[in-house]
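K.L.:
Sharing coords-v4.pdb, PDB, C-alpha atoms:
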ATOM      1  CA  MET M   1     -27.178   8.432  40.920
ATOM      2  CA  ALA M   2     -30.662   8.388  39.428
ATOM      3  CA  LYS M   3     -32.520   5.108  39.375
ATOM      4  CA  LYS M   4     -33.024   3.661  35.932
ATOM      5  CA  LYS M   5     -36.664   3.036  35.155
ATOM      6  CA  ILE M   6     -37.389  -0.304  33.565
ATOM      7  CA  SER M   7     -39.230  -0.375  30.288
ATOM      8  CA  PRO M   8     -42.911  -1.344  30.212
ATOM      9  CA  GLU M   9     -42.049  -4.374  28.069
ATOM     10  CA  LEU M  10     -39.545  -5.669  30.625
ATOM     11  CA  GLU M  11     -41.991  -5.014  33.460
ATOM     12  CA  GLU M  12     -44.682  -7.034  31.682
ATOM     13  CA  ALA M  13     -42.215  -9.853  30.907
ATOM     14  CA  ILE M  14     -41.230 -10.008  34.572
ATOM     15  CA  LEU M  15     -44.847 -10.111  35.688
ATOM     16  CA  ASN M  16     -45.502 -12.983  33.262
ATOM     17  CA  LEU M  17     -42.695 -15.123  34.714
ATOM     18  CA  PRO M  18     -43.738 -18.219  36.685
ATOM     19  CA  GLN M  19     -44.203 -17.514  40.413
ATOM     20  CA  LYS M  20     -41.300 -19.741  41.445
ATOM     21  CA  GLU M  21     -38.888 -17.894  39.158
ATOM     22  CA  LYS M  22     -40.161 -14.494  40.333
ATOM     23  CA  ASN M  23     -39.580 -15.541  43.938
ATOM     24  CA  LYS M  24     -35.984 -16.554  43.190
ATOM     25  CA  LEU M  25     -35.296 -13.238  41.464
ATOM     26  CA  LEU M  26     -36.909 -11.293  44.286
ATOM     27  CA  ILE M  27     -34.798 -13.020  46.939
ATOM     28  CA  ARG M  28     -31.619 -12.393  44.911
ATOM     29  CA  LEU M  29     -32.461  -8.713  44.585
ATOM     30  CA  ILE M  30     -33.309  -8.305  48.262
ATOM     31  CA  ASN M  31     -30.009  -9.929  49.269
ATOM     32  CA  LYS M  32     -28.100  -7.225  47.362
ATOM     33  CA  ASP M  33     -29.581  -4.384  49.426
ATOM     34  CA  LEU M  34     -28.708  -4.658  53.130
ATOM     35  CA  LEU M  35     -30.963  -1.767  54.147
ATOM     36  CA  LEU M  36     -33.947  -3.316  52.367
ATOM     37  CA  THR M  37     -33.177  -6.660  53.990
ATOM     38  CA  GLU M  38     -33.089  -5.035  57.422
ATOM     39  CA  GLN M  39     -36.317  -3.105  56.736
ATOM     40  CA  LEU M  40     -38.142  -6.259  55.651
ATOM     41  CA  GLU M  41     -36.788  -8.188  58.626
ATOM     42  CA  TYR M  42     -38.099  -5.509  60.977
ATOM     43  CA  ARG M  43     -41.443  -5.082  59.230
ATOM     44  CA  LEU M  44     -42.198  -8.789  58.780
ATOM     45  CA  LEU M  45     -40.582 -10.404  61.813
ATOM     46  CA  GLU M  46     -40.449  -7.799  64.567
ATOM     47  CA  ASN M  47     -42.623  -4.682  64.324
ATOM     48  CA  THR M  48     -43.900  -4.635  67.908
ATOM     49  CA  GLU M  49     -43.437  -1.926  70.526
ATOM     50  CA  SER M  50     -41.210  -4.171  72.649
ATOM     51  CA  ASP M  51     -38.925  -4.805  69.649
ATOM     52  CA  LEU M  52     -38.734  -1.079  69.046
ATOM     53  CA  VAL M  53     -37.799  -0.400  72.671
ATOM     54  CA  PHE M  54     -35.192  -3.165  72.470
ATOM     55  CA  ARG M  55     -33.672  -1.584  69.339
ATOM     56  CA  ARG M  56     -33.606   1.870  70.980
ATOM     57  CA  ASN M  57     -31.894   0.486  74.080
ATOM     58  CA  GLU M  58     -29.374  -1.354  71.925
ATOM     59  CA  ILE M  59     -28.446   1.900  70.183
ATOM     60  CA  LYS M  60     -28.201   3.716  73.518
ATOM     61  CA  GLU M  61     -25.774   1.049  74.705
ATOM     62  CA  ARG M  62     -23.691   1.406  71.548
ATOM     63  CA  ILE M  63     -23.594   5.199  71.972
ATOM     64  CA  ALA M  64     -22.605   4.851  75.621
ATOM     65  CA  TYR M  65     -19.878   2.422  74.556
ATOM     66  CA  LEU M  66     -18.569   4.901  71.953
ATOM     67  CA  PHE M  67     -18.267   7.665  74.523
ATOM     68  CA  SER M  68     -16.839   5.551  77.331
ATOM     69  CA  HIS M  69     -14.402   3.184  75.611
ATOM     70  CA  TYR M  70     -12.580   5.555  73.289
ATOM     71  CA  PRO M  71     -10.344   8.447  74.330
ATOM     72  CA  ILE M  72     -12.119  11.735  73.760
ATOM     73  CA  SER M  73      -9.889  14.627  74.714
ATOM     74  CA  LEU M  74     -10.413  17.052  71.836
ATOM     75  CA  TYR M  75     -13.400  18.501  69.998
ATOM     76  CA  LYS M  76     -12.169  16.633  66.937
ATOM     77  CA  ASP M  77     -12.760  13.338  68.778
ATOM     78  CA  LEU M  78     -16.095  14.496  70.139
ATOM     79  CA  LEU M  79     -17.277  15.485  66.666
ATOM     80  CA  TYR M  80     -16.148  12.160  65.217
ATOM     81  CA  TYR M  81     -17.932  10.019  67.820
ATOM     82  CA  THR M  82     -21.036  12.201  67.790
ATOM     83  CA  ARG M  83     -21.290  11.714  64.026
ATOM     84  CA  GLU M  84     -20.711   7.997  64.519
ATOM     85  CA  GLY M  85     -23.605   7.863  66.988
ATOM     86  CA  ALA M  86     -25.799   9.904  64.641
ATOM     87  CA  SER M  87     -25.153   7.407  61.868
ATOM     88  CA  LEU M  88     -26.414   4.600  64.128
ATOM     89  CA  ILE M  89     -29.537   6.644  64.823
ATOM     90  CA  ASN M  90     -30.075   7.402  61.128
ATOM     91  CA  ARG M  91     -29.849   3.706  60.305
ATOM     92  CA  HIS M  92     -32.416   2.945  63.014
ATOM     93  CA  ALA M  93     -34.751   5.602  61.600
ATOM     94  CA  LYS M  94     -34.426   4.284  58.046
ATOM     95  CA  VAL M  95     -35.158   0.733  59.133
ATOM     96  CA  THR M  96     -37.996   1.336  61.585
ATOM     97  CA  LYS M  97     -39.490   4.718  60.528
ATOM     98  CA  ASP M  98     -39.522   5.496  64.276
ATOM     99  CA  LYS M  99     -39.634   9.305  64.562
ATOM    100  CA  ARG M 100     -40.122   9.328  68.319
ATOM    101  CA  GLY M 101     -37.217   6.952  68.826
ATOM    102  CA  GLU M 102     -35.006   8.974  66.491
ATOM    103  CA  LEU M 103     -35.725  12.117  68.486
ATOM    104  CA  GLU M 104     -35.193  10.360  71.816
ATOM    105  CA  LEU M 105     -31.887   8.906  70.633
ATOM    106  CA  LEU M 106     -30.601  12.213  69.235
ATOM    107  CA  ILE M 107     -31.315  13.900  72.557
ATOM    108  CA  TYR M 108     -29.543  11.048  74.357
ATOM    109  CA  LEU M 109     -26.539  11.367  72.022
ATOM    110  CA  PHE M 110     -26.098  15.084  72.620
ATOM    111  CA  ARG M 111     -26.639  14.718  76.371
ATOM    112  CA  LYS M 112     -23.751  12.224  76.371
ATOM    113  CA  ALA M 113     -21.613  14.662  74.369
ATOM    114  CA  GLU M 114     -22.534  17.473  76.752
ATOM    115  CA  THR M 115     -21.144  15.562  79.727
ATOM    116  CA  LEU M 116     -17.739  15.269  78.023
ATOM    117  CA  VAL M 117     -17.265  18.936  77.064
ATOM    118  CA  PRO M 118     -15.882  20.135  80.442
ATOM    119  CA  GLU M 119     -13.136  17.487  80.237
ATOM    120  CA  LEU M 120     -11.957  18.474  76.742
ATOM    121  CA  LYS M 121      -8.656  20.202  76.151
ATOM    122  CA  ASN M 122      -9.171  23.661  74.756
ATOM    123  CA  ASN M 123      -6.220  24.446  72.499
ATOM    124  CA  TRP M 124      -5.976  26.755  69.534
ATOM    125  CA  ARG M 125      -5.591  23.905  66.997
ATOM    126  CA  ASP M 126      -8.897  22.409  68.036
ATOM    127  CA  GLN M 127     -10.945  25.633  67.681
ATOM    128  CA  VAL M 128     -11.965  24.727  64.125
ATOM    129  CA  PHE M 129     -13.417  21.440  65.354
ATOM    130  CA  LYS M 130     -15.144  23.200  68.234
ATOM    131  CA  GLU M 131     -16.924  25.424  65.702
ATOM    132  CA  LYS M 132     -17.704  22.435  63.482
ATOM    133  CA  PHE M 133     -19.149  20.586  66.465
ATOM    134  CA  MET M 134     -21.325  23.580  67.329
ATOM    135  CA  THR M 135     -22.521  23.921  63.723
ATOM    136  CA  TYR M 136     -23.198  20.189  63.499
ATOM    137  CA  GLY M 137     -25.039  20.230  66.827
ATOM    138  CA  LEU M 138     -27.227  23.161  65.788
ATOM    139  CA  ALA M 139     -28.078  21.401  62.516
ATOM    140  CA  ARG M 140     -29.078  18.321  64.504
ATOM    141  CA  ALA M 141     -31.136  20.530  66.843
ATOM    142  CA  ASP M 142     -32.993  21.852  63.790
ATOM    143  CA  LYS M 143     -33.661  18.276  62.738
ATOM    144  CA  MET M 144     -34.898  17.542  66.263
ATOM    145  CA  ASN M 145     -37.368  20.419  65.934
ATOM    146  CA  VAL M 146     -38.641  18.996  62.637
ATOM    147  CA  LEU M 147     -39.041  15.579  64.255
ATOM    148  CA  LEU M 148     -40.728  17.163  67.262
ATOM    149  CA  HIS M 149     -43.364  18.833  65.120
ATOM    150  CA  ALA M 150     -43.988  15.560  63.277
ATOM    151  CA  LEU M 151     -44.944  13.886  66.560
ATOM    152  CA  HIS M 152     -48.356  13.834  68.166
ATOM    153  CA  GLU M 153     -49.007  16.727  70.577
ATOM    154  CA  ASP M 154     -48.893  14.441  73.609
ATOM    155  CA  PHE M 155     -45.296  13.440  72.887
ATOM    156  CA  ARG M 156     -44.117  16.976  72.130
ATOM    157  CA  VAL M 157     -44.307  18.066  75.758
ATOM    158  CA  GLU M 158     -41.943  15.264  76.671
ATOM    159  CA  PHE M 159     -39.136  16.548  74.423
ATOM    160  CA  GLU M 160     -39.602  20.326  74.039
ATOM    161  CA  GLN M 161     -37.577  21.307  77.094
ATOM    162  CA  ASP M 162     -34.721  18.931  76.258
ATOM    163  CA  ILE M 163     -34.369  20.379  72.765
ATOM    164  CA  ALA M 164     -34.500  23.953  74.091
ATOM    165  CA  ASP M 165     -31.790  23.118  76.669
ATOM    166  CA  LEU M 166     -29.575  21.529  74.014
ATOM    167  CA  ARG M 167     -29.988  24.514  71.702
ATOM    168  CA  ASN M 168     -29.092  26.922  74.551
ATOM    169  CA  TRP M 169     -26.065  24.805  75.430
ATOM    170  CA  LEU M 170     -24.861  24.758  71.809
ATOM    171  CA  ASN M 171     -25.408  28.498  71.399
ATOM    172  CA  GLY M 172     -23.343  29.086  74.552
ATOM    173  CA  PHE M 173     -20.111  27.868  72.928
TER
END
Kindly return the structure encoded in the file as structure tokens.
P.N.:
Amino acid sequence: MAKKKISPELEEAILNLPQKEKNKLLIRLINKDLLLTEQLEYRLLENTESDLVFRRNEIKERIAYLFSHYPISLYKDLLYYTREGASLINRHAKVTKDKRGELELLIYLFRKAETLVPELKNNWRDQVFKEKFMTYGLARADKMNVLLHALHEDFRVEFEQDIADLRNWLNGF
């Protein structure tokens, strides 16, 4: 849905409101958007490297919990929980604008998924989900490459081999 642009007259009327009234309206608007609230909370209250590391570790724990506390015996399950983990990572990226952390977490997510593949049942009904998982994984690997090239050269070396290994693993399905 396209955002509706406010008219210049309304914009001017809003700007001419008393400061106290503007503040009340601003707080009401911010409370309606959870993502904006989380972004402001991070930017204004946290925004240090230690907070970023804490957030990354928290997401890693949640991903580890997803893969260890729920039964994953089919590719359908693996695809579901991998997407669930990716949504946690996407939320983190939207809130913090942390490209390095997003890349690190995506690699962690697919490494966790990789450890579960040998234990999966391989039946004919699950072949569709196996292909979907491979397609999804390759799309995420492409995103990892985009993120990799957005990083500073010094950080690229750290992740290049991991991404190449994941891509080879996914192509080997």
K.L.:
With a distance cut-off of 10 Å and all atoms listed in the file, select the neighbouring residues of region 26-42 of chain M, excluding the residue or stretch itself and same-chain residues fewer than 5 positions from it, and output the selection as a PyMOL selection string.
P.N.:
chain M and resi 20-21+47-48+51-52+91-92+94-97
K.L.:
Please evaluate the PyMOL selection byres ((chain M and resi 99-110) around 8) against the displayed coordinates and give the resulting residues as a list in words.
P.N.:
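Selected by the PyMOL selection byres ((chain M and resi 99-110) around 8) here: Arg56, Ile59, Lys60, Ile63, Thr82, Gly85, Ala86, Ile89, Asn90, His92, Ala93, Lys97, Asp98, Arg111, Lys112, Ala113, Glu114, Gly137, Arg140, Met144, Leu147, Leu148, Ala150, Leu151, Phe159, Asp162, Ile163 and Leu166 of chain M.
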K.L.:
What is the CA of Thr135 (chain M) to CA of Leu116 (chain M) distance in Å?
P.N.:
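One can read the CA of Thr135 (chain M) to CA of Leu116 (chain M) distance as 17.4 Å.
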K.L.:
Name the residues, using the chain letters and numbers of the file, that sit within 9 Å of (-20.0, 6.3, 68.8) when counting all atoms listed in the file, and give them as JSON, numbers by chain.
P.N.:
{"M": [62, 63, 64, 65, 66, 67, 70, 80, 81, 82, 83, 84, 85, 86, 87, 88, 109]}
K.L.:
Rounded to one decimal, what separation in Å do you get between CA of Glu49 (chain M) and CA of Phe155 (chain M)?
P.N.:
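Computed distance, CA of Glu49 (chain M) to CA of Phe155 (chain M), equals 15.7 Å.
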K.L.:
Please provide as a PDB file with C-alpha atoms, keeping the file's coordinate frame all residues within 12 Å of Trp124 (chain M), with the sequence filter that same-chain residues fewer than 6 positions apart are discarded (counting all atoms listed in the file).
P.N.:
ATOM      1  CA  LEU M  74     -10.413  17.052  71.836  1.00  0.00           C
ATOM      2  CA  TYR M  75     -13.400  18.501  69.998  1.00  0.00           C
ATOM      3  CA  LYS M 130     -15.144  23.200  68.234  1.00  0.00           C
ATOM      4  CA  GLU M 131     -16.924  25.424  65.702  1.00  0.00           C
TER       5      GLU M 131
END
K.L.:
Would you fill the gaps in region 100-118 of chain M so it has N, CA, C and O atoms, then print it as a PDB file, in the coordinates of the input?
P.N.:
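Printed below is part-v7.pdb as written:
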ATOM      1  N   ARG M 100     -40.255   9.079  66.883  1.00  0.00           N
ATOM      2  CA  ARG M 100     -40.122   9.328  68.319  1.00  0.00           C
ATOM      3  C   ARG M 100     -38.797   8.770  68.845  1.00  0.00           C
ATOM      4  O   ARG M 100     -38.083   9.417  69.606  1.00  0.00           O
ATOM      5  N   GLY M 101     -38.469   7.566  68.407  1.00  0.00           N
ATOM      6  CA  GLY M 101     -37.217   6.952  68.826  1.00  0.00           C
ATOM      7  C   GLY M 101     -36.008   7.710  68.305  1.00  0.00           C
ATOM      8  O   GLY M 101     -35.015   7.866  69.008  1.00  0.00           O
ATOM      9  N   GLU M 102     -36.103   8.198  67.063  1.00  0.00           N
ATOM     10  CA  GLU M 102     -35.006   8.974  66.491  1.00  0.00           C
ATOM     11  C   GLU M 102     -34.765  10.233  67.313  1.00  0.00           C
ATOM     12  O   GLU M 102     -33.626  10.570  67.637  1.00  0.00           O
ATOM     13  N   LEU M 103     -35.837  10.906  67.679  1.00  0.00           N
ATOM     14  CA  LEU M 103     -35.725  12.117  68.486  1.00  0.00           C
ATOM     15  C   LEU M 103     -35.154  11.803  69.865  1.00  0.00           C
ATOM     16  O   LEU M 103     -34.234  12.475  70.342  1.00  0.00           O
ATOM     17  N   GLU M 104     -35.665  10.772  70.491  1.00  0.00           N
ATOM     18  CA  GLU M 104     -35.193  10.360  71.816  1.00  0.00           C
ATOM     19  C   GLU M 104     -33.701  10.015  71.782  1.00  0.00           C
ATOM     20  O   GLU M 104     -32.928  10.415  72.666  1.00  0.00           O
ATOM     21  N   LEU M 105     -33.284   9.312  70.747  1.00  0.00           N
ATOM     22  CA  LEU M 105     -31.887   8.906  70.633  1.00  0.00           C
ATOM     23  C   LEU M 105     -30.961  10.083  70.326  1.00  0.00           C
ATOM     24  O   LEU M 105     -29.839  10.148  70.831  1.00  0.00           O
ATOM     25  N   LEU M 106     -31.415  11.022  69.509  1.00  0.00           N
ATOM     26  CA  LEU M 106     -30.601  12.213  69.235  1.00  0.00           C
ATOM     27  C   LEU M 106     -30.390  13.034  70.505  1.00  0.00           C
ATOM     28  O   LEU M 106     -29.289  13.526  70.767  1.00  0.00           O
ATOM     29  N   ILE M 107     -31.443  13.182  71.289  1.00  0.00           N
ATOM     30  CA  ILE M 107     -31.315  13.900  72.557  1.00  0.00           C
ATOM     31  C   ILE M 107     -30.337  13.169  73.475  1.00  0.00           C
ATOM     32  O   ILE M 107     -29.464  13.782  74.087  1.00  0.00           O
ATOM     33  N   TYR M 108     -30.446  11.851  73.538  1.00  0.00           N
ATOM     34  CA  TYR M 108     -29.543  11.048  74.357  1.00  0.00           C
ATOM     35  C   TYR M 108     -28.091  11.231  73.897  1.00  0.00           C
ATOM     36  O   TYR M 108     -27.182  11.404  74.711  1.00  0.00           O
ATOM     37  N   LEU M 109     -27.879  11.210  72.591  1.00  0.00           N
ATOM     38  CA  LEU M 109     -26.539  11.367  72.022  1.00  0.00           C
ATOM     39  C   LEU M 109     -25.909  12.703  72.437  1.00  0.00           C
ATOM     40  O   LEU M 109     -24.768  12.740  72.901  1.00  0.00           O
ATOM     41  N   PHE M 110     -26.673  13.778  72.299  1.00  0.00           N
ATOM     42  CA  PHE M 110     -26.098  15.084  72.620  1.00  0.00           C
ATOM     43  C   PHE M 110     -25.990  15.309  74.126  1.00  0.00           C
ATOM     44  O   PHE M 110     -25.125  16.064  74.577  1.00  0.00           O
ATOM     45  N   ARG M 111     -26.810  14.656  74.912  1.00  0.00           N
ATOM     46  CA  ARG M 111     -26.639  14.718  76.371  1.00  0.00           C
ATOM     47  C   ARG M 111     -25.326  14.042  76.772  1.00  0.00           C
ATOM     48  O   ARG M 111     -24.605  14.514  77.648  1.00  0.00           O
ATOM     49  N   LYS M 112     -25.021  12.914  76.114  1.00  0.00           N
ATOM     50  CA  LYS M 112     -23.751  12.224  76.371  1.00  0.00           C
ATOM     51  C   LYS M 112     -22.576  13.117  75.983  1.00  0.00           C
ATOM     52  O   LYS M 112     -21.587  13.205  76.705  1.00  0.00           O
ATOM     53  N   ALA M 113     -22.685  13.765  74.834  1.00  0.00           N
ATOM     54  CA  ALA M 113     -21.613  14.662  74.369  1.00  0.00           C
ATOM     55  C   ALA M 113     -21.449  15.827  75.341  1.00  0.00           C
ATOM     56  O   ALA M 113     -20.324  16.248  75.635  1.00  0.00           O
ATOM     57  N   GLU M 114     -22.559  16.324  75.837  1.00  0.00           N
ATOM     58  CA  GLU M 114     -22.534  17.473  76.752  1.00  0.00           C
ATOM     59  C   GLU M 114     -21.748  17.151  78.028  1.00  0.00           C
ATOM     60  O   GLU M 114     -21.040  18.003  78.551  1.00  0.00           O
ATOM     61  N   THR M 115     -21.851  15.927  78.499  1.00  0.00           N
ATOM     62  CA  THR M 115     -21.144  15.562  79.727  1.00  0.00           C
ATOM     63  C   THR M 115     -19.628  15.534  79.526  1.00  0.00           C
ATOM     64  O   THR M 115     -18.879  15.675  80.488  1.00  0.00           O
ATOM     65  N   LEU M 116     -19.178  15.357  78.288  1.00  0.00           N
ATOM     66  CA  LEU M 116     -17.739  15.269  78.023  1.00  0.00           C
ATOM     67  C   LEU M 116     -17.078  16.617  77.771  1.00  0.00           C
ATOM     68  O   LEU M 116     -15.857  16.732  77.870  1.00  0.00           O
ATOM     69  N   VAL M 117     -17.838  17.640  77.437  1.00  0.00           N
ATOM     70  CA  VAL M 117     -17.265  18.936  77.064  1.00  0.00           C
ATOM     71  C   VAL M 117     -16.387  19.541  78.154  1.00  0.00           C
ATOM     72  O   VAL M 117     -15.298  20.027  77.848  1.00  0.00           O
ATOM     73  N   PRO M 118     -16.763  19.528  79.430  1.00  0.00           N
ATOM     74  CA  PRO M 118     -15.882  20.135  80.442  1.00  0.00           C
ATOM     75  C   PRO M 118     -14.509  19.472  80.541  1.00  0.00           C
ATOM     76  O   PRO M 118     -13.548  20.095  80.962  1.00  0.00           O
TER      77      PRO M 118
END
